[in-house]
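Below is one structure, written out as structure tokens; the observations come after it.
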Amino acid sequence: MKLTRLPFFVGLLLSVITFAQDLTFEEYNPSSTLVVPGEPVLKAKFPFIDVHGHQYRMPNQDLVPVVAAMDTLNLQIMVNLSGRSGDDLKKSVANIKNNYPNRFVVFANVDFDGVGTPGWTENAVAQLEEDVKSGAKGLKIYKSLGLRYKDADGNRVQVDDPRLDPIWAKCGELGIPVLIHTADPKPFWDEFDGDNERWLELKLRPRRKRSATDPAPWEKLIAEQHNMFKKHPNTTFINAHMGWYANDLGKLGELLDEMPNMNVGIGAIIAELGRQPRNARAFFIKYQDRILFGKDSWKPEEFPTYFRVLETDDEYFPYHKKYHAFWAMYGMDLPDEVLKKVYYKNALRIVPGLDASLFPKD
């Protein structure tokens, strides 16, 4: 090498070193050097029901590729929470009946626009009754109730608004569960700084940031939900995302004890369970009759993280979304009987009209 070219290579080397030292937090995602036993779990040990699924195009959707992916996971029944209402719901039910009559069910949805206008409550209850007659097996409530909807006077519609009470009461009367998502993770309301565990998620998705006035304090939204549960003890509720208390299972246990009509789904919070495997295992054993499997977003490649956390005793394996969790996962190694309840037994008991023949009889 000619000496005249040496400065060029030295400069190139220094630039590479500088680049490596100046990685951003988003870019820094090193491969672990830890060598421990364990393998990915690509298929659930037992057939399971996903009570928190979304297929937004179901009225006209080709279900063949969805079922093909479900089969690779051992997912026997998906509850499509995005059933909408009226004609759209009827089309979804017809699509299921004509193609895969025992692999899907739909939940109805309520449009809360217009709360407070004359006849709104009566019309909403009547529509719900019609949707159940059309084949809906439950009611799904999105987080927009409490966060976005305003009534006819421009006020925020609270989750426990008394004008909605006839809807929850009707669900109890009809024997259908209400799966409800209220608010978002508490850190979305906290300061956006280096102490916030959701810093990366909020940086990448700044519209998720909330405050005490946008639209209300987190504690108030959650209290409204709990108040609604207590007002309707004869209605069965499935609290999506473990009610955002998967990071405080002691508190969640107190709430389950306080509200026997509340159950919880594990959609989108497996990262919280995977970093506290012993504590979470004890919780699942204690409340094994109140926990249901749910994934939320339909991304088949993400299900193996759930299987591995629930089924194995593997240590220090990666989560599938860094912006949800920058920590590693550990397996809970749940007993088979608890797994069966989480995977399918609890859903078969709570959601009407599911085909029990798709699951073991024990």
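Convention: chains lettered A, B, ... in structure tokens order; per-chain residue numbering from 1; ligands numbered from 1 as shown.
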
key: Who sits within 12 Å of Asn29 of chain A, only C-alpha atoms, same chain under 4 positions skipped, as a list of chain:residue names   =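 So the residues in contact are A:Leu23, A:Thr24, A:Phe25, A:Pro318, A:Tyr319, A:Lys321, A:Lys322, A:Tyr323, A:Ala325, A:Phe326, A:Trp327, A:Ala328.
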
Picked from segment 191-247 of chain A by DSSP as helix (DSSP H, G or I), as a list in words = Trp199, Leu200, Glu201, Leu202, Lys203, Leu204, Pro206, Arg207, Arg208, Trp218, Glu219, Lys220, Leu221, Ile222, Ala223, Glu224, Gln225, His226, Asn227, Met228, Phe229, Lys230, Lys231, Ala240, His241, Met242, Gly243 and Trp244 of chain A

task = Identify which of the residues A:Asp362, A:Glu39, A:Glu197, A:Glu272 lies closest to Asn247 of chain A, counting only C-alpha atoms when measuring atom-to-atom distances.
result =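 Between A:Asp362, A:Glu39, A:Glu197, A:Glu272, the residue approaching Asn247 of chain A most closely is A:Glu272.
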
message = Between atom CA of Cys171 of chain A and atom CA of Thr235 of chain A, what is the distance in Å, rounded to a tenth?
response =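 Computed distance, atom CA of Cys171 of chain A to atom CA of Thr235 of chain A, equals 6.3 Å.
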
inquiry  = I need the residues of segment 100-255 of chain A that end up classed as strand (DSSP E) by DSSP on the backbone, written out as a ChimeraX atom specification.
reply    = /A:104-106,108-109,139-141,178-180,237-239

Can those selected residues be exported to a file as a CSV table (one decimal), in the first residue's frame so that it contains all heavy atoms?
```csv
chain,number,residue,atom,x,y,z
A,104,PHE,N,-64.7,-19.4,13.4
A,104,PHE,CA,-64.8,-18.0,13.7
A,104,PHE,C,-66.1,-17.7,14.4
A,104,PHE,O,-67.1,-18.3,14.1
A,104,PHE,CB,-64.7,-17.1,12.5
A,104,PHE,CG,-63.4,-17.2,11.7
A,104,PHE,CD1,-63.3,-18.1,10.6
A,104,PHE,CD2,-62.3,-16.4,12.0
A,104,PHE,CE1,-62.2,-18.2,9.9
A,104,PHE,CE2,-61.1,-16.6,11.2
A,104,PHE,CZ,-61.1,-17.4,10.2
A,105,VAL,N,-66.1,-16.7,15.3
A,105,VAL,CA,-67.3,-16.0,15.7
A,105,VAL,C,-67.0,-14.5,15.7
A,105,VAL,O,-65.9,-14.1,15.7
A,105,VAL,CB,-67.8,-16.5,17.1
A,105,VAL,CG1,-68.1,-17.9,17.1
A,105,VAL,CG2,-66.8,-16.1,18.2
A,106,VAL,N,-68.1,-13.7,15.7
A,106,VAL,CA,-67.9,-12.3,15.7
A,106,VAL,C,-68.6,-11.7,16.9
A,106,VAL,O,-69.6,-12.2,17.4
A,106,VAL,CB,-68.5,-11.6,14.4
A,106,VAL,CG1,-67.7,-12.1,13.2
A,106,VAL,CG2,-70.0,-11.9,14.2
A,108,ALA,N,-70.3,-8.0,18.2
A,108,ALA,CA,-70.8,-6.7,17.7
A,108,ALA,C,-70.1,-5.5,18.3
A,108,ALA,O,-69.4,-5.6,19.3
A,108,ALA,CB,-72.3,-6.7,18.0
A,109,ASN,N,-70.3,-4.4,17.6
A,109,ASN,CA,-69.7,-3.1,18.1
A,109,ASN,C,-70.8,-2.1,18.2
A,109,ASN,O,-71.9,-2.2,17.6
A,109,ASN,CB,-68.6,-2.6,17.2
A,109,ASN,CG,-67.6,-3.6,16.9
A,109,ASN,OD1,-67.2,-3.8,15.7
A,109,ASN,ND2,-67.1,-4.3,17.9
A,139,LEU,N,-70.1,-8.6,22.7
A,139,LEU,CA,-69.9,-7.1,22.4
A,139,LEU,C,-68.5,-6.7,22.7
A,139,LEU,O,-68.0,-7.0,23.8
A,139,LEU,CB,-70.9,-6.3,23.3
A,139,LEU,CG,-70.9,-4.8,23.1
A,139,LEU,CD1,-71.3,-4.4,21.7
A,139,LEU,CD2,-71.8,-4.1,24.1
A,140,LYS,N,-67.9,-6.0,21.7
A,140,LYS,CA,-66.6,-5.5,21.9
A,140,LYS,C,-66.7,-4.0,22.0
A,140,LYS,O,-67.3,-3.3,21.2
A,140,LYS,CB,-65.7,-5.9,20.7
A,140,LYS,CG,-64.5,-4.9,20.4
A,140,LYS,CD,-63.5,-4.9,21.5
A,140,LYS,CE,-62.3,-4.0,21.0
A,140,LYS,NZ,-61.2,-3.9,22.0
A,141,ILE,N,-66.0,-3.4,23.0
A,141,ILE,CA,-66.0,-2.0,23.2
A,141,ILE,C,-64.6,-1.5,23.1
A,141,ILE,O,-63.6,-1.9,23.7
A,141,ILE,CB,-66.5,-1.6,24.6
A,141,ILE,CG1,-67.9,-2.1,24.9
A,141,ILE,CG2,-66.5,-0.1,24.8
A,141,ILE,CD1,-69.0,-1.6,23.9
A,178,VAL,N,-69.0,-9.0,27.5
A,178,VAL,CA,-68.5,-7.7,26.9
A,178,VAL,C,-67.0,-7.7,27.1
A,178,VAL,O,-66.4,-7.7,28.2
A,178,VAL,CB,-69.1,-6.5,27.7
A,178,VAL,CG1,-68.5,-5.2,27.2
A,178,VAL,CG2,-70.6,-6.5,27.7
A,179,LEU,N,-66.3,-7.6,25.9
A,179,LEU,CA,-64.8,-7.5,26.0
A,179,LEU,C,-64.5,-6.0,25.8
A,179,LEU,O,-64.9,-5.4,24.7
A,179,LEU,CB,-64.2,-8.3,24.9
A,179,LEU,CG,-62.6,-8.5,25.0
A,179,LEU,CD1,-62.2,-9.8,24.5
A,179,LEU,CD2,-61.9,-7.3,24.3
A,180,ILE,N,-63.9,-5.4,26.7
A,180,ILE,CA,-63.7,-3.9,26.7
A,180,ILE,C,-62.3,-3.5,26.9
A,180,ILE,O,-61.6,-4.1,27.7
A,180,ILE,CB,-64.6,-3.3,27.8
A,180,ILE,CG1,-64.5,-1.8,27.8
A,180,ILE,CG2,-64.3,-3.9,29.2
A,180,ILE,CD1,-65.5,-1.0,28.7
A,237,PHE,N,-67.7,-9.5,32.0
A,237,PHE,CA,-66.8,-8.6,31.3
A,237,PHE,C,-65.4,-9.3,31.1
A,237,PHE,O,-64.9,-10.0,32.0
A,237,PHE,CB,-66.6,-7.3,32.1
A,237,PHE,CG,-67.8,-6.5,32.2
A,237,PHE,CD1,-68.7,-6.6,33.3
A,237,PHE,CD2,-68.1,-5.6,31.1
A,237,PHE,CE1,-69.8,-5.8,33.3
A,237,PHE,CE2,-69.3,-4.8,31.2
A,237,PHE,CZ,-70.1,-4.9,32.3
A,238,ILE,N,-64.8,-9.1,30.0
A,238,ILE,CA,-63.4,-9.5,29.7
A,238,ILE,C,-62.6,-8.3,29.6
A,238,ILE,O,-62.8,-7.5,28.6
A,238,ILE,CB,-63.3,-10.4,28.5
A,238,ILE,CG1,-64.2,-11.6,28.5
A,238,ILE,CG2,-61.9,-10.8,28.2
A,238,ILE,CD1,-64.3,-12.4,27.2
A,239,ASN,N,-61.8,-8.0,30.5
A,239,ASN,CA,-61.0,-6.8,30.5
A,239,ASN,C,-59.8,-7.0,29.6
A,239,ASN,O,-58.8,-7.7,30.0
A,239,ASN,CB,-60.6,-6.4,32.0
A,239,ASN,CG,-60.3,-5.0,32.1
A,239,ASN,OD1,-60.0,-4.2,31.1
A,239,ASN,ND2,-60.2,-4.5,33.4
```

message = Please determine, counting only C-alpha atoms, which residue among A:Leu202, A:Leu339, A:Ile176, A:Val125 has the shortest atom-to-atom distance to Thr236 of chain A.
response =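 Nearest candidate to Thr236 of chain A out of A:Leu202, A:Leu339, A:Ile176, A:Val125: A:Ile176.
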
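Using only C-alpha atoms, the nearest neighbour of Glu311 of chain A within the list A:Arg163, A:His54, A:His226, A:Arg281 is A:Arg281.
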
task = Grab the atom CA of Asp113 of chain A to atom CA of Tyr149 of chain A distance for me, in Å with one decimal place.
result =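 For atom CA of Asp113 of chain A relative to atom CA of Tyr149 of chain A, the distance reads 6.5 Å.
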